[in-house]
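**Student:** So that you have it, the file is upload-v1.csv, and it contains CSV, C-alpha atoms:
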chain,number,residue,atom,x,y,z
A,152,MET,CA,-22.0,-25.1,30.3
A,153,ALA,CA,-25.7,-24.8,30.0
A,154,ASN,CA,-27.6,-27.0,27.6
A,155,ASN,CA,-29.2,-24.3,25.5
A,156,GLU,CA,-27.2,-23.7,22.3
A,157,PRO,CA,-26.0,-20.1,21.9
A,158,ASN,CA,-27.8,-18.1,19.2
A,159,TRP,CA,-25.7,-16.6,16.4
A,160,GLU,CA,-27.0,-13.1,17.2
A,161,TRP,CA,-25.4,-13.5,20.6
A,162,TYR,CA,-22.0,-14.1,19.1
A,163,ARG,CA,-22.5,-11.2,16.8
A,164,SER,CA,-23.2,-8.9,19.7
A,165,PHE,CA,-20.3,-10.4,21.6
A,166,LEU,CA,-17.9,-9.5,18.7
A,167,HIS,CA,-19.1,-5.9,18.5
A,168,VAL,CA,-18.9,-5.4,22.3
A,169,LEU,CA,-15.3,-6.8,22.1
A,170,GLU,CA,-14.5,-4.3,19.3
A,171,THR,CA,-16.3,-1.2,20.7
A,172,GLY,CA,-16.0,-1.8,24.4
A,173,SER,CA,-19.6,-0.8,25.2
A,174,LEU,CA,-23.2,-1.9,24.8
A,175,SER,CA,-24.3,1.3,23.3
A,176,ALA,CA,-21.6,1.5,20.6
A,177,ALA,CA,-22.2,-2.1,19.7
A,178,GLY,CA,-25.9,-1.5,19.5
A,179,ARG,CA,-25.4,1.5,17.2
A,180,ALA,CA,-23.2,-0.6,14.9
A,181,LEU,CA,-25.8,-3.5,14.8
A,182,GLY,CA,-28.9,-1.4,14.7
A,183,LEU,CA,-30.1,-2.7,18.1
A,184,THR,CA,-30.9,-1.1,21.4
A,185,GLN,CA,-28.5,-1.2,24.2
A,186,PRO,CA,-30.7,-3.4,26.4
A,187,THR,CA,-31.0,-5.9,23.6
A,188,VAL,CA,-27.2,-6.2,23.2
A,189,GLY,CA,-27.0,-6.5,27.0
A,190,ARG,CA,-29.5,-9.4,27.0
A,191,HIS,CA,-27.4,-11.1,24.2
A,192,ILE,CA,-24.3,-10.9,26.3
A,193,ASP,CA,-26.1,-12.1,29.4
A,194,SER,CA,-27.6,-15.0,27.5
A,195,LEU,CA,-24.3,-16.0,25.9
A,196,GLU,CA,-22.5,-15.9,29.3
A,197,ALA,CA,-25.3,-18.1,30.8
A,198,ALA,CA,-25.2,-20.6,27.8
A,199,LEU,CA,-21.4,-20.9,28.0
A,200,GLY,CA,-21.2,-20.8,31.8
A,201,LEU,CA,-18.5,-18.1,31.5
A,202,LYS,CA,-18.0,-14.5,32.4
A,203,LEU,CA,-17.0,-12.7,29.2
A,204,PHE,CA,-16.7,-9.1,30.3
A,205,THR,CA,-15.9,-7.1,33.4
A,206,ARG,CA,-18.3,-4.2,33.7
A,207,SER,CA,-16.9,-0.9,34.8
A,208,PHE,CA,-17.6,2.8,34.4
A,209,ASP,CA,-15.1,2.8,31.5
A,210,GLY,CA,-17.1,0.2,29.6
A,211,PHE,CA,-16.8,-3.6,29.1
A,212,ALA,CA,-13.4,-5.1,29.5
A,213,PRO,CA,-13.0,-8.6,28.0
A,214,THR,CA,-11.9,-11.5,30.3
A,215,ASP,CA,-9.3,-14.0,29.3
A,216,ALA,CA,-12.1,-16.3,28.3
A,217,ALA,CA,-13.5,-13.7,25.9
A,218,GLU,CA,-10.1,-13.2,24.3
A,219,GLU,CA,-9.7,-17.0,23.8
A,220,LEU,CA,-13.2,-17.3,22.3
A,221,LYS,CA,-12.8,-14.3,20.0
A,222,PRO,CA,-11.2,-16.1,17.0
A,223,TYR,CA,-13.9,-18.8,17.1
A,224,ALA,CA,-16.6,-16.3,17.2
A,225,ALA,CA,-14.9,-14.4,14.3
A,226,GLY,CA,-14.8,-17.7,12.4
A,227,ILE,CA,-18.5,-18.2,12.9
A,228,ALA,CA,-19.1,-14.7,11.6
A,229,ALA,CA,-17.0,-15.3,8.5
A,230,MET,CA,-18.8,-18.6,7.7
A,231,ALA,CA,-22.2,-17.0,8.2
A,232,ALA,CA,-21.2,-14.2,5.8
A,233,ALA,CA,-19.9,-16.8,3.3
A,234,LEU,CA,-23.2,-18.7,3.6
A,235,ARG,CA,-25.1,-15.5,2.8
A,236,ARG,CA,-22.9,-14.8,-0.2
A,237,ALA,CA,-23.4,-18.3,-1.5
A,238,ALA,CA,-27.2,-18.1,-0.9
A,239,SER,CA,-27.4,-14.8,-2.7
A,240,SER,CA,-26.0,-16.4,-5.9
A,241,HIS,CA,-28.8,-18.8,-6.5
A,242,GLY,CA,-31.2,-18.0,-9.3
A,243,SER,CA,-30.8,-17.5,-13.1
A,244,GLY,CA,-27.7,-15.9,-14.5
A,245,VAL,CA,-24.6,-14.6,-12.8
A,246,ARG,CA,-25.7,-12.9,-9.6
A,247,GLY,CA,-24.9,-12.6,-5.9
A,248,THR,CA,-22.1,-11.2,-3.8
A,249,VAL,CA,-18.4,-11.7,-4.3
A,250,ARG,CA,-16.0,-10.6,-1.6
A,251,LEU,CA,-12.5,-9.7,-2.8
A,252,THR,CA,-9.4,-8.8,-0.9
A,253,ALA,CA,-6.4,-7.0,-2.3
A,254,SER,CA,-3.5,-4.8,-1.2
A,255,GLU,CA,-4.1,-1.0,-0.9
A,256,VAL,CA,-2.6,0.1,-4.2
A,257,ILE,CA,-4.1,-2.7,-6.3
A,258,GLY,CA,-7.5,-2.3,-4.6
A,259,VAL,CA,-7.7,1.4,-5.0
A,260,GLU,CA,-5.7,2.2,-8.2
A,261,VAL,CA,-6.0,-0.9,-10.4
A,262,LEU,CA,-9.1,-3.0,-9.6
A,263,PRO,CA,-11.9,-0.3,-9.9
A,264,PRO,CA,-11.9,-0.1,-13.8
A,265,ILE,CA,-11.7,-3.9,-14.0
A,266,LEU,CA,-14.6,-4.3,-11.6
A,267,ALA,CA,-16.6,-1.6,-13.4
A,268,ALA,CA,-16.3,-3.6,-16.6
A,269,LEU,CA,-17.3,-6.8,-14.8
A,270,HIS,CA,-20.3,-5.1,-13.3
A,271,GLY,CA,-21.3,-3.8,-16.6
A,272,GLU,CA,-21.4,-7.4,-18.0
A,273,HIS,CA,-23.1,-8.8,-14.9
A,274,PRO,CA,-25.2,-6.1,-13.3
A,275,GLU,CA,-26.6,-8.5,-10.6
A,276,LEU,CA,-23.1,-9.1,-9.1
A,277,VAL,CA,-22.4,-7.3,-5.9
A,278,ILE,CA,-18.7,-6.7,-5.1
A,279,GLU,CA,-17.3,-6.3,-1.6
A,280,LEU,CA,-13.7,-5.1,-1.6
A,281,VAL,CA,-11.4,-5.5,1.4
A,282,LEU,CA,-8.0,-3.8,1.5
A,283,SER,CA,-5.9,-6.4,3.2
A,284,ASN,CA,-2.7,-8.5,2.7
A,285,ARG,CA,-3.3,-11.2,5.2
A,286,ALA,CA,-2.4,-14.7,4.0
A,287,ASP,CA,-5.2,-16.6,5.8
A,288,ASP,CA,-8.4,-14.8,5.0
A,289,LEU,CA,-9.4,-17.2,2.2
A,290,LEU,CA,-9.2,-20.3,4.4
A,291,HIS,CA,-11.2,-18.6,7.1
A,292,ARG,CA,-13.8,-17.6,4.4
A,293,GLU,CA,-13.4,-13.9,5.2
A,294,ALA,CA,-13.1,-13.4,1.4
A,295,ASP,CA,-14.0,-15.4,-1.7
A,296,ILE,CA,-11.1,-14.3,-4.0
A,297,ALA,CA,-7.7,-12.7,-3.1
A,298,VAL,CA,-5.2,-10.8,-5.2
A,299,ARG,CA,-1.8,-11.3,-3.6
A,300,MET,CA,1.7,-10.1,-4.2
A,301,PHE,CA,3.1,-13.4,-3.0
A,302,GLN,CA,2.3,-17.0,-3.8
A,303,PRO,CA,-0.4,-18.4,-1.5
A,304,VAL,CA,0.8,-21.7,-0.3
A,305,GLN,CA,-2.1,-23.0,1.8
A,306,GLU,CA,-3.9,-26.1,0.7
A,307,ALA,CA,-7.5,-26.0,-0.5
A,308,LEU,CA,-6.9,-23.0,-2.7
A,309,VAL,CA,-7.2,-22.5,-6.5
A,310,VAL,CA,-4.2,-20.4,-7.4
A,311,GLN,CA,-3.2,-18.7,-10.7
A,312,ARG,CA,0.0,-16.7,-11.2
A,313,ILE,CA,-0.7,-13.6,-13.3
A,314,GLY,CA,2.8,-12.3,-13.8
A,315,GLY,CA,5.4,-9.9,-12.4
A,316,ILE,CA,4.7,-6.2,-11.7
A,317,GLU,CA,7.7,-4.1,-12.1
A,318,LEU,CA,8.6,-1.6,-9.4
A,319,GLY,CA,10.8,1.4,-10.1
A,320,LEU,CA,11.9,4.7,-8.5
A,321,HIS,CA,9.7,7.6,-9.5
A,322,ALA,CA,9.3,11.3,-8.7
A,323,HIS,CA,7.1,14.1,-9.8
A,324,GLN,CA,8.3,16.5,-12.4
A,325,ARG,CA,7.9,19.3,-10.0
A,326,TYR,CA,10.3,17.7,-7.5
A,327,LEU,CA,12.9,16.9,-10.1
A,328,ALA,CA,12.7,20.5,-11.5
A,329,ALA,CA,13.5,21.8,-8.0
A,330,ARG,CA,16.1,19.2,-6.9
A,331,GLY,CA,17.5,17.7,-10.1
A,332,MET,CA,17.7,14.2,-11.4
A,333,PRO,CA,20.0,11.8,-9.4
A,334,LYS,CA,22.6,10.1,-11.5
A,335,SER,CA,23.4,7.2,-9.3
A,336,MET,CA,22.0,5.3,-6.3
A,337,GLU,CA,24.6,7.0,-4.1
A,338,ALA,CA,23.2,10.4,-5.1
A,339,LEU,CA,19.9,9.5,-3.4
A,340,SER,CA,21.5,10.5,-0.1
A,341,ARG,CA,21.2,14.1,-1.3
A,342,HIS,CA,17.5,13.7,-2.1
A,343,VAL,CA,14.2,13.3,-0.2
A,344,VAL,CA,13.5,9.6,-0.2
A,345,ILE,CA,10.1,8.2,0.5
A,346,GLY,CA,10.0,4.9,2.4
A,347,PHE,CA,8.5,2.7,5.2
A,348,ASP,CA,8.2,3.5,8.8
A,349,HIS,CA,8.4,-0.1,10.2
A,350,GLU,CA,10.6,-2.7,8.7
A,351,ASN,CA,9.5,-6.2,7.7
A,352,ALA,CA,11.3,-9.1,6.1
A,353,TYR,CA,10.9,-7.6,2.6
A,354,ILE,CA,12.2,-4.2,3.7
A,355,ARG,CA,15.2,-5.7,5.5
A,356,SER,CA,16.1,-7.7,2.3
A,357,LEU,CA,15.8,-4.5,0.3
A,358,ARG,CA,18.0,-2.6,2.7
A,359,GLU,CA,20.7,-5.2,2.4
A,360,LYS,CA,20.8,-4.9,-1.4
A,361,ILE,CA,20.3,-1.1,-1.5
A,362,PRO,CA,21.7,0.8,1.5
A,363,ALA,CA,19.9,4.0,0.4
A,364,PHE,CA,16.7,2.2,1.5
A,365,SER,CA,17.3,2.1,5.2
A,366,ARG,CA,14.8,3.8,7.5
A,367,ASP,CA,17.1,6.5,8.8
A,368,ARG,CA,17.5,7.8,5.3
A,369,PHE,CA,13.8,8.2,4.6
A,370,ALA,CA,12.7,11.8,4.9
A,371,PHE,CA,9.1,10.8,4.5
A,372,ARG,CA,8.0,7.5,6.2
A,373,ALA,CA,4.7,5.7,5.9
A,374,ASP,CA,3.7,2.1,6.1
A,375,SER,CA,0.8,2.7,3.8
A,376,ASP,CA,1.6,2.1,0.1
A,377,LEU,CA,-1.2,4.6,-0.8
A,378,ALA,CA,0.4,7.3,1.4
A,379,GLN,CA,3.7,6.7,-0.2
A,380,LEU,CA,2.1,7.0,-3.7
A,381,ALA,CA,0.3,10.2,-2.6
A,382,ALA,CA,3.7,11.6,-1.4
A,383,ILE,CA,5.3,10.9,-4.8
A,384,ARG,CA,2.4,12.5,-6.6
A,385,ALA,CA,2.6,15.5,-4.3
A,386,GLY,CA,6.2,16.1,-5.2
A,387,ILE,CA,7.6,15.4,-1.8
A,388,GLY,CA,10.4,13.2,-3.0
A,389,ILE,CA,11.6,10.0,-4.8
A,390,GLY,CA,9.8,6.7,-3.9
A,391,ILE,CA,9.0,3.2,-5.2
A,392,CYS,CA,6.0,2.9,-7.4
A,393,GLN,CA,4.5,0.3,-9.8
A,394,SER,CA,5.9,1.3,-13.2
A,395,ALA,CA,2.6,0.5,-15.0
A,396,LEU,CA,0.7,2.7,-12.5
A,397,ALA,CA,3.2,5.5,-12.9
A,398,ALA,CA,2.8,5.4,-16.7
A,399,TRP,CA,-0.8,6.5,-16.3
A,400,ASP,CA,0.4,9.8,-14.9
A,401,LYS,CA,2.6,11.8,-17.4
A,402,GLN,CA,3.9,14.0,-14.6
A,403,LEU,CA,5.6,11.1,-12.8
A,404,VAL,CA,9.1,10.4,-14.1
A,405,ARG,CA,11.1,7.1,-13.8
A,406,VAL,CA,14.4,7.7,-11.9
A,407,LEU,CA,17.5,5.5,-12.2
A,408,ARG,CA,15.8,3.0,-14.5
A,409,SER,CA,18.9,1.0,-15.3
A,410,GLN,CA,20.0,0.9,-11.7
A,411,PHE,CA,16.8,0.1,-9.8
A,412,SER,CA,14.1,-2.4,-10.9
A,413,LEU,CA,12.2,-4.9,-8.8
A,414,THR,CA,9.6,-7.5,-9.8
A,415,MET,CA,6.6,-8.2,-7.6
A,416,ASP,CA,4.8,-11.5,-8.4
A,417,THR,CA,1.0,-11.3,-8.7
A,418,TRP,CA,-1.4,-14.1,-7.9
A,419,ILE,CA,-5.1,-14.7,-7.7
A,420,ALA,CA,-6.5,-17.3,-5.4
A,421,MET,CA,-9.9,-18.6,-4.2
A,422,HIS,CA,-11.1,-21.4,-2.0
A,423,GLU,CA,-11.5,-24.7,-4.0
A,424,ASP,CA,-15.0,-25.0,-2.8
A,425,LEU,CA,-15.9,-22.1,-5.0
A,426,ARG,CA,-14.8,-23.7,-8.3
A,427,SER,CA,-18.5,-24.4,-9.3
A,428,SER,CA,-19.7,-20.9,-8.2
A,429,ALA,CA,-20.6,-18.9,-11.3
A,430,ARG,CA,-20.3,-15.6,-9.5
A,431,CYS,CA,-16.7,-16.4,-8.4
A,432,ALA,CA,-15.7,-18.0,-11.7
A,433,VAL,CA,-16.6,-14.9,-13.8
A,434,THR,CA,-15.0,-12.6,-11.2
A,435,PHE,CA,-11.8,-14.7,-11.1
A,436,ALA,CA,-11.6,-14.7,-14.9
A,437,ALA,CA,-12.1,-10.9,-15.1
A,438,LEU,CA,-9.4,-10.2,-12.5
A,439,ALA,CA,-7.0,-12.5,-14.3
A,440,ALA,CA,-7.6,-10.8,-17.7
A,441,GLY,CA,-7.6,-7.3,-16.3
A,442,LEU,CA,-4.5,-7.7,-14.2
A,443,ALA,CA,-2.6,-9.4,-17.0
A,444,ALA,CA,-3.4,-6.4,-19.2
A,445,TYR,CA,-2.2,-4.1,-16.5
A,446,ILE,CA,1.0,-6.0,-16.0
A,447,SER,CA,1.7,-5.9,-19.7
A,448,ALA,CA,1.4,-2.1,-19.5
A,449,ASP,CA,-1.9,-2.0,-21.3
A,450,SER,CA,-4.2,0.2,-19.1
A,451,PRO,CA,-7.2,-1.7,-17.7
A,452,ARG,CA,-9.2,1.4,-18.6
A,453,ASN,CA,-8.7,0.5,-22.3
A,454,ALA,CA,-8.1,-3.3,-22.1
A,455,VAL,CA,-11.2,-4.6,-20.2
Is it possible to give me this structure as structure tokens?
**Tutor:**
Amino acid sequence: MANNEPNWEWYRSFLHVLETGSLSAAGRALGLTQPTVGRHIDSLEAALGLKLFTRSFDGFAPTDAAEELKPYAAGIAAMAAALRRAASSHGSGVRGTVRLTASEVIGVEVLPPILAALHGEHPELVIELVLSNRADDLLHREADIAVRMFQPVQEALVVQRIGGIELGLHAHQRYLAARGMPKSMEALSRHVVIGFDHENAYIRSLREKIPAFSRDRFAFRADSDLAQLAAIRAGIGIGICQSALAAWDKQLVRVLRSQFSLTMDTWIAMHEDLRSSARCAVTFAALAAGLAAYISADSPRNAV
């Protein structure tokens, strides 16, 4: 390996070439010229003493060395972004950037009114929202605060349980008017059921308890919770939806309430290094209060 220490810009170009497969696409994403990105890659290869890409007419194919270095470069990128967020918060008052991560439905349907109220109180806060359910993004500093539907168990995190979100079966009035209301779980076999495309541990456990929720019985399949919610709202069929969320839409009807109810724990977590950060503390508190109101069936639009 050469003695010159690689520049961070070289790693950034490396990650974008890995992602896009070409110098020109990486340059467009970074706001740099193609020759500049090419020089970054050449410089990084020289500094590390490694060949990172195989050049061909199809673009840049990563070598085994590049694939092995990718998570380390991504870690550098995450720490650099965390450093910029921390630096942005210095000054008077609550200010700076807070990066949040949450699941699709929570991030799109529940958090916006909570964050709107937060921003109204602290207009110098900048919110970055990432829709993700990965367990490790806080430790890698890819986010400051996470809203999770499972208990984070990693060390070095500040964790608060908010409560349980009830899940129930719901359908649009239009669908029920056309197909009728099922009277039992067994009757779901005669209905359009909305569910997942690929199984995971949670889906397998659900299938064991409720045979109607097996993949071969789903007439509409999507791994995206947002897509399933959209299908319910469109009147395609019967699917699982957060009960508090469904209560906001008077055209969604609870189905088989006494026979189907699940509870999904909700947690907020952040890295313990951020305890003293004003920007993160006020955001953490606002999320806790807003989500607690949502869970108790008080709409965040009115409660925060």
**Student:** Using only C-alpha atoms for the distances, tell me which of A:Arg341, A:Arg430, A:Leu380, A:Ala444 is nearest to Glu275 in chain A.
**Tutor:**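 The shortest atom-to-atom distance to Glu275 in chain A comes from A:Arg430.
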**Student:** Which polymer residues have any atom within 12 Å of an atom of Leu413 in chain A, counting only C-alpha atoms, with same-chain residues fewer than 6 positions away left out, as a list in words?
**Tutor:**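 Near Leu413 in chain A, the qualifying residues are Gly315, Ile316, Glu317, Leu318, Gly319, Leu320, Tyr353, Leu357, Lys360, Ile361, Ile391, Cys392, Gln393 and Ser394 of chain A.
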**Student:** Skip range 433-443 of chain A itself and residues of its chain fewer than 6 positions away, then list as a PyMOL selection string all residues within 10 Å of it, counting all atoms listed in the file.
**Tutor:** chain A and resi 245+249-251+257+261-262+264-266+268-270+272-273+276+278+295-298+311-316+417-421+426+449-455
**Student:** Could you check how far CA of Ala231 in chain A sits from CA of Trp159 in chain A, in Å to one decimal?
**Tutor:**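 Value for the CA of Ala231 in chain A-CA of Trp159 in chain A distance: 8.9 Å.
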**Student:** Quick one: of A:Glu219, A:Glu279, A:Asp416, A:Asp376, who's nearest to Gly247 in chain A, counting only C-alpha atoms?
**Tutor:**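 So, comparing all the options, the nearest one is A:Glu279.
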**Student:** Measuring atom to atom with all atoms listed in the file, identify which of A:Glu255, A:Glu160, A:Glu170, A:Glu337 is nearest to Gly189 in chain A.
**Tutor:**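 Answer, going by the shortest atom-to-atom distance: A:Glu160.
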**Student:** If you measure from CA of Val404 in chain A to CA of Ala382 in chain A, what distance in Å do you get, rounded to one decimal?
**Tutor:**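 CA of Ala382 in chain A lies 13.9 Å from CA of Val404 in chain A.
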**Student:** Which is closer to Leu377 in chain A than all the others in A:Tyr162, A:Val259, A:Leu396, A:Thr184, using all atoms listed in the file?
**Tutor:** A:Val259
**Student:** I'd like the interatomic distance between CA of Lys202 in chain A and CA of Ala217 in chain A, to a tenth of an Å.
**Tutor:**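 Atom-to-atom, CA of Lys202 in chain A and CA of Ala217 in chain A are spaced 7.9 Å apart.
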**Student:** Using all atoms listed in the file, pick whichever of A:Pro222, A:Ala212, A:Val310, A:Ile227 has the shortest atom-to-atom distance to Thr171 in chain A.
**Tutor:**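 The closest residue to Thr171 in chain A is A:Ala212.
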**Student:** Using the partial input, fill out range 268-279 of chain A with all heavy atoms; write the result as an mmCIF file, in the coordinates of the input.
**Tutor:**
data_model
loop_
_atom_site.group_PDB
_atom_site.id
_atom_site.type_symbol
_atom_site.label_atom_id
_atom_site.label_comp_id
_atom_site.auth_asym_id
_atom_site.auth_seq_id
_atom_site.Cartn_x
_atom_site.Cartn_y
_atom_site.Cartn_z
ATOM 1 N N ALA A 268 -16.005 -2.842 -15.440
ATOM 2 C CA ALA A 268 -16.300 -3.600 -16.600
ATOM 3 C C ALA A 268 -17.052 -4.891 -16.304
ATOM 4 O O ALA A 268 -17.996 -5.292 -16.987
ATOM 5 C CB ALA A 268 -15.046 -3.885 -17.426
ATOM 6 N N LEU A 269 -16.606 -5.543 -15.237
ATOM 7 C CA LEU A 269 -17.300 -6.800 -14.800
ATOM 8 C C LEU A 269 -18.711 -6.528 -14.416
ATOM 9 O O LEU A 269 -19.612 -7.277 -14.801
ATOM 10 C CB LEU A 269 -16.494 -7.369 -13.602
ATOM 11 C CG LEU A 269 -17.129 -8.573 -12.904
ATOM 12 C CD1 LEU A 269 -17.174 -9.777 -13.837
ATOM 13 C CD2 LEU A 269 -16.360 -8.911 -11.622
ATOM 14 N N HIS A 270 -18.948 -5.457 -13.674
ATOM 15 C CA HIS A 270 -20.300 -5.100 -13.300
ATOM 16 C C HIS A 270 -21.180 -4.758 -14.438
ATOM 17 O O HIS A 270 -22.379 -5.038 -14.464
ATOM 18 C CB HIS A 270 -20.298 -4.022 -12.222
ATOM 19 C CG HIS A 270 -21.609 -3.847 -11.522
ATOM 20 N ND1 HIS A 270 -22.544 -2.927 -11.920
ATOM 21 C CD2 HIS A 270 -22.155 -4.499 -10.469
ATOM 22 C CE1 HIS A 270 -23.604 -3.001 -11.143
ATOM 23 N NE2 HIS A 270 -23.394 -3.955 -10.256
ATOM 24 N N GLY A 271 -20.588 -4.114 -15.438
ATOM 25 C CA GLY A 271 -21.300 -3.800 -16.600
ATOM 26 C C GLY A 271 -21.812 -5.032 -17.364
ATOM 27 O O GLY A 271 -22.904 -5.057 -17.947
ATOM 28 N N GLU A 272 -21.003 -6.088 -17.335
ATOM 29 C CA GLU A 272 -21.400 -7.400 -18.000
ATOM 30 C C GLU A 272 -22.364 -8.138 -17.131
ATOM 31 O O GLU A 272 -23.241 -8.829 -17.661
ATOM 32 C CB GLU A 272 -20.102 -8.206 -18.164
ATOM 33 C CG GLU A 272 -19.681 -8.378 -19.615
ATOM 34 C CD GLU A 272 -18.486 -9.306 -19.719
ATOM 35 O OE1 GLU A 272 -17.364 -8.788 -19.648
ATOM 36 O OE2 GLU A 272 -18.687 -10.525 -19.859
ATOM 37 N N HIS A 273 -22.223 -8.033 -15.820
ATOM 38 C CA HIS A 273 -23.100 -8.800 -14.900
ATOM 39 C C HIS A 273 -23.625 -7.877 -13.832
ATOM 40 O O HIS A 273 -23.125 -7.825 -12.707
ATOM 41 C CB HIS A 273 -22.257 -9.948 -14.254
ATOM 42 C CG HIS A 273 -21.599 -10.858 -15.248
ATOM 43 N ND1 HIS A 273 -22.305 -11.793 -15.974
ATOM 44 C CD2 HIS A 273 -20.304 -10.968 -15.645
ATOM 45 C CE1 HIS A 273 -21.477 -12.454 -16.769
ATOM 46 N NE2 HIS A 273 -20.263 -11.970 -16.592
ATOM 47 N N PRO A 274 -24.654 -7.137 -14.168
ATOM 48 C CA PRO A 274 -25.200 -6.100 -13.300
ATOM 49 C C PRO A 274 -25.752 -6.632 -11.959
ATOM 50 O O PRO A 274 -25.945 -5.853 -11.021
ATOM 51 C CB PRO A 274 -26.226 -5.386 -14.100
ATOM 52 C CG PRO A 274 -26.583 -6.338 -15.185
ATOM 53 C CD PRO A 274 -25.355 -7.135 -15.462
ATOM 54 N N GLU A 275 -26.033 -7.940 -11.881
ATOM 55 C CA GLU A 275 -26.600 -8.500 -10.600
ATOM 56 C C GLU A 275 -25.488 -8.958 -9.679
ATOM 57 O O GLU A 275 -25.781 -9.467 -8.604
ATOM 58 C CB GLU A 275 -27.537 -9.642 -10.951
ATOM 59 C CG GLU A 275 -28.819 -9.187 -11.635
ATOM 60 C CD GLU A 275 -29.863 -10.288 -11.674
ATOM 61 O OE1 GLU A 275 -30.575 -10.466 -10.667
ATOM 62 O OE2 GLU A 275 -29.948 -10.973 -12.713
ATOM 63 N N LEU A 276 -24.233 -8.767 -10.067
ATOM 64 C CA LEU A 276 -23.100 -9.100 -9.100
ATOM 65 C C LEU A 276 -22.983 -7.921 -8.148
ATOM 66 O O LEU A 276 -23.084 -6.752 -8.502
ATOM 67 C CB LEU A 276 -21.823 -9.214 -9.915
ATOM 68 C CG LEU A 276 -21.418 -10.596 -10.417
ATOM 69 C CD1 LEU A 276 -20.064 -10.494 -11.122
ATOM 70 C CD2 LEU A 276 -21.360 -11.608 -9.298
ATOM 71 N N VAL A 277 -22.717 -8.274 -6.911
ATOM 72 C CA VAL A 277 -22.400 -7.300 -5.900
ATOM 73 C C VAL A 277 -20.963 -7.559 -5.427
ATOM 74 O O VAL A 277 -20.607 -8.683 -5.080
ATOM 75 C CB VAL A 277 -23.356 -7.436 -4.669
ATOM 76 C CG1 VAL A 277 -22.945 -6.477 -3.550
ATOM 77 C CG2 VAL A 277 -24.800 -7.174 -5.092
ATOM 78 N N ILE A 278 -20.135 -6.529 -5.477
ATOM 79 C CA ILE A 278 -18.700 -6.700 -5.100
ATOM 80 C C ILE A 278 -18.458 -6.051 -3.766
ATOM 81 O O ILE A 278 -18.831 -4.905 -3.509
ATOM 82 C CB ILE A 278 -17.818 -5.995 -6.183
ATOM 83 C CG1 ILE A 278 -18.068 -6.589 -7.574
ATOM 84 C CG2 ILE A 278 -16.349 -6.130 -5.797
ATOM 85 C CD1 ILE A 278 -17.727 -8.043 -7.703
ATOM 86 N N GLU A 279 -17.809 -6.812 -2.907
ATOM 87 C CA GLU A 279 -17.300 -6.300 -1.600
ATOM 88 C C GLU A 279 -15.780 -6.339 -1.710
ATOM 89 O O GLU A 279 -15.197 -7.398 -1.944
ATOM 90 C CB GLU A 279 -17.791 -7.165 -0.469
ATOM 91 C CG GLU A 279 -19.292 -7.155 -0.269
ATOM 92 C CD GLU A 279 -19.753 -8.074 0.846
ATOM 93 O OE1 GLU A 279 -18.928 -8.861 1.362
ATOM 94 O OE2 GLU A 279 -20.953 -8.010 1.189
#
